[in-house]
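Notes follow once the structure below has been shown.
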Amino acid sequence: MEDFIQIVLRFVIYSLIGWLWETVYCSLKAHHFVYRGFLVGPITPIYGFGVLAVLYFLQPLHDNLLLLYISAAVLVTLLEYVTSFALEKLFHASWWDYKDVPLNINGRVAIPVSLFWGVGCVFIVRVVQPVVEQLVQRLSEQFGFYLPVVLLCIISMDLGYTLANLAAF
């Protein structure tokens, strides 16, 4: 049960951080507010899944910066490519396009972006995760099983609402 609580809390926290990062970055780049994400709410699940994959699958590499960097860059690039492909096939829409970025692969991923994701993942593992872990522990102790269940219900309703609107669109 404790694993469930911690995984859900980590997922939501990193999905929220990813949404904030992308919204701020795109808004600054466009010089106006740009809402980013697939869902209506302020989370971007690909960030949650990506960070969880790096934290769990690459855990044996966390002490080796070079291997962590390379492996994380490859792992999140694969996730980004597969997610882009799946979203396009399911919804006939593209949520991101790297066609203008050098060394891109079908506009879904690009080597310079992948190199950045590798740096970002090392930063998350080494700097952000210890802070997030303290937050997860406090939330887990204070709310137990209830907070993750409520958060999953909210995300599920958001997903249902988003999918219903996409189908109508």
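Residues are named by chain letter and number: chains run A, B, ... in the order of the structure tokens, numbers start at 1 in each chain, and ligands are numbered from 1 in the order shown.
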Task: Test item, strand (DSSP E or B) assignment across segment 23-130 of chain A, answer as a PyMOL selection string - done: chain A and resi 104-105+109-110
Open item on the list: as a PyMOL selection string, please: the residues near Leu52 of chain A (cut-off 12 Å, only C-alpha atoms, same-chain neighbours under 2 positions excluded).
Closed with: chain A and resi 6-15+45-50+54-59+72+75-76+79+121+124-125+129
Task: Atomic separation - atom CA of Trp117 of chain A relative to atom CA of Thr23 of chain A, Å - done: 16.3 Å
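When only C-alpha atoms are used to measure the gap to Val128 of chain A, the shortest distance among A:Val113, A:Val51, A:Cys153, A:Ala164 belongs to A:Val51.
With distances restricted to only C-alpha atoms, A:Trp96 is the closest residue to Cys26 of chain A from A:Trp96, A:Gln134, A:Val40, A:Leu151.
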Task: Exercise: Leu166 of chain A partners within 12 Å, only C-alpha atoms, chain neighbours under 6 positions left out, as a list in words - done: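 In the requested format, the answer is Phe38, Leu39, Val40, Leu87, Leu90, Phe91, His92, Ala93, Leu159 and Gly160 of chain A.
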Written selection (C-alpha atoms) as a PDB file, in the first residue's frame:
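What ended up in out-v1.pdb:
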```
ATOM      1  CA  PHE A  38      -3.213  17.074 -23.128  1.00  0.00           C
ATOM      2  CA  LEU A  39      -5.549  17.253 -20.147  1.00  0.00           C
ATOM      3  CA  VAL A  40      -7.651  20.188 -18.990  1.00  0.00           C
ATOM      4  CA  LEU A  87      -1.530  10.411 -29.641  1.00  0.00           C
ATOM      5  CA  LEU A  90      -5.539   7.834 -31.630  1.00  0.00           C
ATOM      6  CA  PHE A  91      -6.600  11.468 -32.018  1.00  0.00           C
ATOM      7  CA  HIS A  92      -5.239  12.504 -35.426  1.00  0.00           C
ATOM      8  CA  ALA A  93      -3.542  15.482 -33.771  1.00  0.00           C
ATOM      9  CA  LEU A 159      -9.130  12.318 -18.697  1.00  0.00           C
ATOM     10  CA  GLY A 160     -12.763  11.347 -19.279  1.00  0.00           C
TER      11      GLY A 160
END
```
List every residue of segment 35-126 of chain A that has an atom at most 7 Å from any atom of segment 18-21 of chain A, and for each one report the closest atom pair and its distance in Å to one decimal, counting only C-alpha atoms, with rows sorted by chain and then by increasing residue number, as a tab-separated table.
```
residue	atom	partner	partner_atom	distance
A:Arg36	CA	A:Trp19	CA	6.7
A:Gly37	CA	A:Trp19	CA	6.7
A:Pro42	CA	A:Trp19	CA	6.0
A:Ile43	CA	A:Trp19	CA	5.1
A:Thr44	CA	A:Trp19	CA	5.0
A:Tyr47	CA	A:Gly18	CA	5.3
```
Open item on the list: I want to know what sits within 12 Å of Ser94 of chain A, based on only C-alpha atoms, with residues of the same chain fewer than 4 positions away left out; could you give that as a list in words?
Closed with: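 Once the adjacent positions are removed, what remains is Gly37, Phe38, Tyr81, Thr83, Ser84, Phe85, Ala86, Leu87, Glu88, Lys89, Leu90, Tyr98, Lys99, Asn106, Gly107 and Arg108 of chain A.
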Once you have the residues from the selection above, write them out as a PDB file, in the first residue's frame, restricted to N, CA, C and O atoms.
```pdb
ATOM      1  N   GLY A  37      -0.444  21.036 -22.532  1.00  0.00           N
ATOM      2  CA  GLY A  37      -0.860  19.764 -21.971  1.00  0.00           C
ATOM      3  C   GLY A  37      -2.001  19.136 -22.737  1.00  0.00           C
ATOM      4  O   GLY A  37      -2.712  19.778 -23.502  1.00  0.00           O
ATOM      5  N   PHE A  38      -2.173  17.882 -22.507  1.00  0.00           N
ATOM      6  CA  PHE A  38      -3.213  17.074 -23.128  1.00  0.00           C
ATOM      7  C   PHE A  38      -4.501  17.176 -22.334  1.00  0.00           C
ATOM      8  O   PHE A  38      -5.590  17.228 -22.891  1.00  0.00           O
ATOM      9  N   TYR A  81       8.733   9.667 -28.188  1.00  0.00           N
ATOM     10  CA  TYR A  81       8.411   9.224 -29.550  1.00  0.00           C
ATOM     11  C   TYR A  81       7.153   8.360 -29.556  1.00  0.00           C
ATOM     12  O   TYR A  81       6.236   8.577 -30.345  1.00  0.00           O
ATOM     13  N   THR A  83       4.785   8.150 -27.313  1.00  0.00           N
ATOM     14  CA  THR A  83       3.623   8.935 -26.916  1.00  0.00           C
ATOM     15  C   THR A  83       3.137   9.808 -28.063  1.00  0.00           C
ATOM     16  O   THR A  83       1.930   9.872 -28.337  1.00  0.00           O
ATOM     17  N   SER A  84       4.047  10.464 -28.758  1.00  0.00           N
ATOM     18  CA  SER A  84       3.681  11.289 -29.904  1.00  0.00           C
ATOM     19  C   SER A  84       2.984  10.449 -30.977  1.00  0.00           C
ATOM     20  O   SER A  84       1.947  10.843 -31.511  1.00  0.00           O
ATOM     21  N   PHE A  85       3.552   9.299 -31.268  1.00  0.00           N
ATOM     22  CA  PHE A  85       2.981   8.400 -32.269  1.00  0.00           C
ATOM     23  C   PHE A  85       1.582   7.942 -31.850  1.00  0.00           C
ATOM     24  O   PHE A  85       0.636   7.988 -32.646  1.00  0.00           O
ATOM     25  N   ALA A  86       1.440   7.518 -30.596  1.00  0.00           N
ATOM     26  CA  ALA A  86       0.145   7.026 -30.111  1.00  0.00           C
ATOM     27  C   ALA A  86      -0.916   8.124 -30.120  1.00  0.00           C
ATOM     28  O   ALA A  86      -2.060   7.893 -30.553  1.00  0.00           O
ATOM     29  N   LEU A  87      -0.567   9.307 -29.644  1.00  0.00           N
ATOM     30  CA  LEU A  87      -1.530  10.411 -29.641  1.00  0.00           C
ATOM     31  C   LEU A  87      -1.970  10.766 -31.055  1.00  0.00           C
ATOM     32  O   LEU A  87      -3.152  11.029 -31.300  1.00  0.00           O
ATOM     33  N   GLU A  88      -1.021  10.760 -31.974  1.00  0.00           N
ATOM     34  CA  GLU A  88      -1.365  11.085 -33.358  1.00  0.00           C
ATOM     35  C   GLU A  88      -2.270  10.014 -33.964  1.00  0.00           C
ATOM     36  O   GLU A  88      -3.235  10.339 -34.660  1.00  0.00           O
ATOM     37  N   LYS A  89      -1.969   8.752 -33.711  1.00  0.00           N
ATOM     38  CA  LYS A  89      -2.795   7.678 -34.267  1.00  0.00           C
ATOM     39  C   LYS A  89      -4.187   7.648 -33.629  1.00  0.00           C
ATOM     40  O   LYS A  89      -5.182   7.411 -34.308  1.00  0.00           O
ATOM     41  N   LEU A  90      -4.244   7.880 -32.323  1.00  0.00           N
ATOM     42  CA  LEU A  90      -5.539   7.834 -31.630  1.00  0.00           C
ATOM     43  C   LEU A  90      -6.416   9.049 -31.907  1.00  0.00           C
ATOM     44  O   LEU A  90      -7.634   8.919 -32.068  1.00  0.00           O
ATOM     45  N   TYR A  98       8.762  18.854 -33.609  1.00  0.00           N
ATOM     46  CA  TYR A  98      10.168  19.249 -33.628  1.00  0.00           C
ATOM     47  C   TYR A  98      10.709  19.349 -35.052  1.00  0.00           C
ATOM     48  O   TYR A  98      11.914  19.292 -35.253  1.00  0.00           O
ATOM     49  N   LYS A  99       9.840  19.499 -36.044  1.00  0.00           N
ATOM     50  CA  LYS A  99      10.305  19.518 -37.432  1.00  0.00           C
ATOM     51  C   LYS A  99      11.282  20.645 -37.716  1.00  0.00           C
ATOM     52  O   LYS A  99      12.120  20.533 -38.600  1.00  0.00           O
ATOM     53  N   ASN A 106      11.177  12.396 -37.568  1.00  0.00           N
ATOM     54  CA  ASN A 106       9.760  12.521 -37.908  1.00  0.00           C
ATOM     55  C   ASN A 106       9.057  13.646 -37.142  1.00  0.00           C
ATOM     56  O   ASN A 106       7.847  13.609 -36.963  1.00  0.00           O
ATOM     57  N   GLY A 107       9.794  14.618 -36.670  1.00  0.00           N
ATOM     58  CA  GLY A 107       9.215  15.725 -35.922  1.00  0.00           C
ATOM     59  C   GLY A 107       8.752  15.355 -34.526  1.00  0.00           C
ATOM     60  O   GLY A 107       8.287  16.199 -33.777  1.00  0.00           O
ATOM     61  N   ARG A 108       8.905  14.085 -34.157  1.00  0.00           N
ATOM     62  CA  ARG A 108       8.431  13.606 -32.853  1.00  0.00           C
ATOM     63  C   ARG A 108       9.457  13.818 -31.741  1.00  0.00           C
ATOM     64  O   ARG A 108       9.105  14.064 -30.598  1.00  0.00           O
TER      65      ARG A 108
END
```
Contacts of Gly144 of chain A within 10 Å, only C-alpha atoms, excl. fewer than 5 positions in-chain, as a PDB file with C-alpha atoms, in the first residue's frame:
```
ATOM      1  CA  MET A   1       0.000   0.000   0.000  1.00  0.00           C
ATOM      2  CA  GLU A   2       2.835   2.395   0.835  1.00  0.00           C
ATOM      3  CA  ILE A   5       0.751   5.933  -2.232  1.00  0.00           C
ATOM      4  CA  GLN A   6       4.301   7.022  -3.021  1.00  0.00           C
ATOM      5  CA  GLN A 137       6.709  11.382   2.937  1.00  0.00           C
ATOM      6  CA  ARG A 138       4.877  14.269   4.639  1.00  0.00           C
ATOM      7  CA  LEU A 139       1.825  13.921   2.398  1.00  0.00           C
ATOM      8  CA  VAL A 149      -7.206   8.012  -4.391  1.00  0.00           C
TER       9      VAL A 149
END
```
Open item on the list: When you look at Phe116 of chain A with a cut-off of 12 Å (counting only C-alpha atoms), what residues show up, excluding the ones that are within fewer than 5 positions of it in the same chain? I need them as a ChimeraX atom specification.
Closed with: /A:69-70,72-74,76-77,109-111,121-123
Take the residues from that selection and write them out as a PDB file, in the first residue's frame, keeping N, CA, C and O atoms.
```pdb
ATOM      1  N   TYR A  69      22.889   9.899 -17.399  1.00  0.00           N
ATOM      2  CA  TYR A  69      22.590  10.897 -18.427  1.00  0.00           C
ATOM      3  C   TYR A  69      22.215  10.229 -19.755  1.00  0.00           C
ATOM      4  O   TYR A  69      21.172  10.525 -20.338  1.00  0.00           O
ATOM      5  N   ILE A  70      23.062   9.339 -20.220  1.00  0.00           N
ATOM      6  CA  ILE A  70      22.825   8.682 -21.516  1.00  0.00           C
ATOM      7  C   ILE A  70      21.551   7.844 -21.469  1.00  0.00           C
ATOM      8  O   ILE A  70      20.697   7.930 -22.358  1.00  0.00           O
ATOM      9  N   ALA A  72      18.983   8.003 -19.394  1.00  0.00           N
ATOM     10  CA  ALA A  72      17.785   8.816 -19.207  1.00  0.00           C
ATOM     11  C   ALA A  72      17.399   9.508 -20.507  1.00  0.00           C
ATOM     12  O   ALA A  72      16.215   9.554 -20.871  1.00  0.00           O
ATOM     13  N   ALA A  73      18.390  10.039 -21.214  1.00  0.00           N
ATOM     14  CA  ALA A  73      18.100  10.700 -22.491  1.00  0.00           C
ATOM     15  C   ALA A  73      17.458   9.720 -23.467  1.00  0.00           C
ATOM     16  O   ALA A  73      16.465  10.053 -24.130  1.00  0.00           O
ATOM     17  N   VAL A  74      17.989   8.511 -23.548  1.00  0.00           N
ATOM     18  CA  VAL A  74      17.430   7.502 -24.452  1.00  0.00           C
ATOM     19  C   VAL A  74      16.026   7.083 -23.991  1.00  0.00           C
ATOM     20  O   VAL A  74      15.088   7.019 -24.795  1.00  0.00           O
ATOM     21  N   VAL A  76      13.719   8.632 -22.041  1.00  0.00           N
ATOM     22  CA  VAL A  76      12.649   9.626 -22.183  1.00  0.00           C
ATOM     23  C   VAL A  76      12.412   9.985 -23.648  1.00  0.00           C
ATOM     24  O   VAL A  76      11.288  10.331 -24.028  1.00  0.00           O
ATOM     25  N   THR A  77      13.425   9.866 -24.478  1.00  0.00           N
ATOM     26  CA  THR A  77      13.238  10.085 -25.916  1.00  0.00           C
ATOM     27  C   THR A  77      12.346   8.997 -26.508  1.00  0.00           C
ATOM     28  O   THR A  77      11.445   9.292 -27.306  1.00  0.00           O
ATOM     29  N   VAL A 109      10.720  13.647 -32.075  1.00  0.00           N
ATOM     30  CA  VAL A 109      11.818  13.835 -31.127  1.00  0.00           C
ATOM     31  C   VAL A 109      12.949  14.517 -31.892  1.00  0.00           C
ATOM     32  O   VAL A 109      12.964  14.522 -33.124  1.00  0.00           O
ATOM     33  N   ALA A 110      13.887  15.082 -31.141  1.00  0.00           N
ATOM     34  CA  ALA A 110      15.049  15.715 -31.767  1.00  0.00           C
ATOM     35  C   ALA A 110      16.240  15.546 -30.829  1.00  0.00           C
ATOM     36  O   ALA A 110      16.096  15.663 -29.609  1.00  0.00           O
ATOM     37  N   ILE A 111      17.388  15.289 -31.412  1.00  0.00           N
ATOM     38  CA  ILE A 111      18.598  15.045 -30.629  1.00  0.00           C
ATOM     39  C   ILE A 111      18.906  16.189 -29.651  1.00  0.00           C
ATOM     40  O   ILE A 111      19.160  15.919 -28.473  1.00  0.00           O
ATOM     41  N   CYS A 121      16.959  15.146 -16.448  1.00  0.00           N
ATOM     42  CA  CYS A 121      16.763  13.944 -15.629  1.00  0.00           C
ATOM     43  C   CYS A 121      17.849  13.807 -14.561  1.00  0.00           C
ATOM     44  O   CYS A 121      17.562  13.430 -13.421  1.00  0.00           O
ATOM     45  N   VAL A 122      19.087  14.110 -14.928  1.00  0.00           N
ATOM     46  CA  VAL A 122      20.162  14.068 -13.933  1.00  0.00           C
ATOM     47  C   VAL A 122      19.881  15.100 -12.838  1.00  0.00           C
ATOM     48  O   VAL A 122      20.025  14.805 -11.644  1.00  0.00           O
ATOM     49  N   PHE A 123      19.445  16.296 -13.229  1.00  0.00           N
ATOM     50  CA  PHE A 123      19.101  17.329 -12.252  1.00  0.00           C
ATOM     51  C   PHE A 123      17.966  16.866 -11.341  1.00  0.00           C
ATOM     52  O   PHE A 123      18.015  17.064 -10.124  1.00  0.00           O
TER      53      PHE A 123
END
```
TODO: Determine which residues of chain A receive a DSSP assignment of helix (DSSP H, G or I), computed from the backbone, and state them as an MDAnalysis selection string.
DONE: chainID A and resid 2:30 45:57 59:61 65:91 111:143 146:168
Task: Computed interatomic separation between atom CA of Glu80 of chain A and atom CA of Val119 of chain A (Å) - done: 15.7 Å
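With atom CA of Asp3 of chain A on one side and atom CA of Val127 of chain A on the other, the separation reads 21.8 Å.
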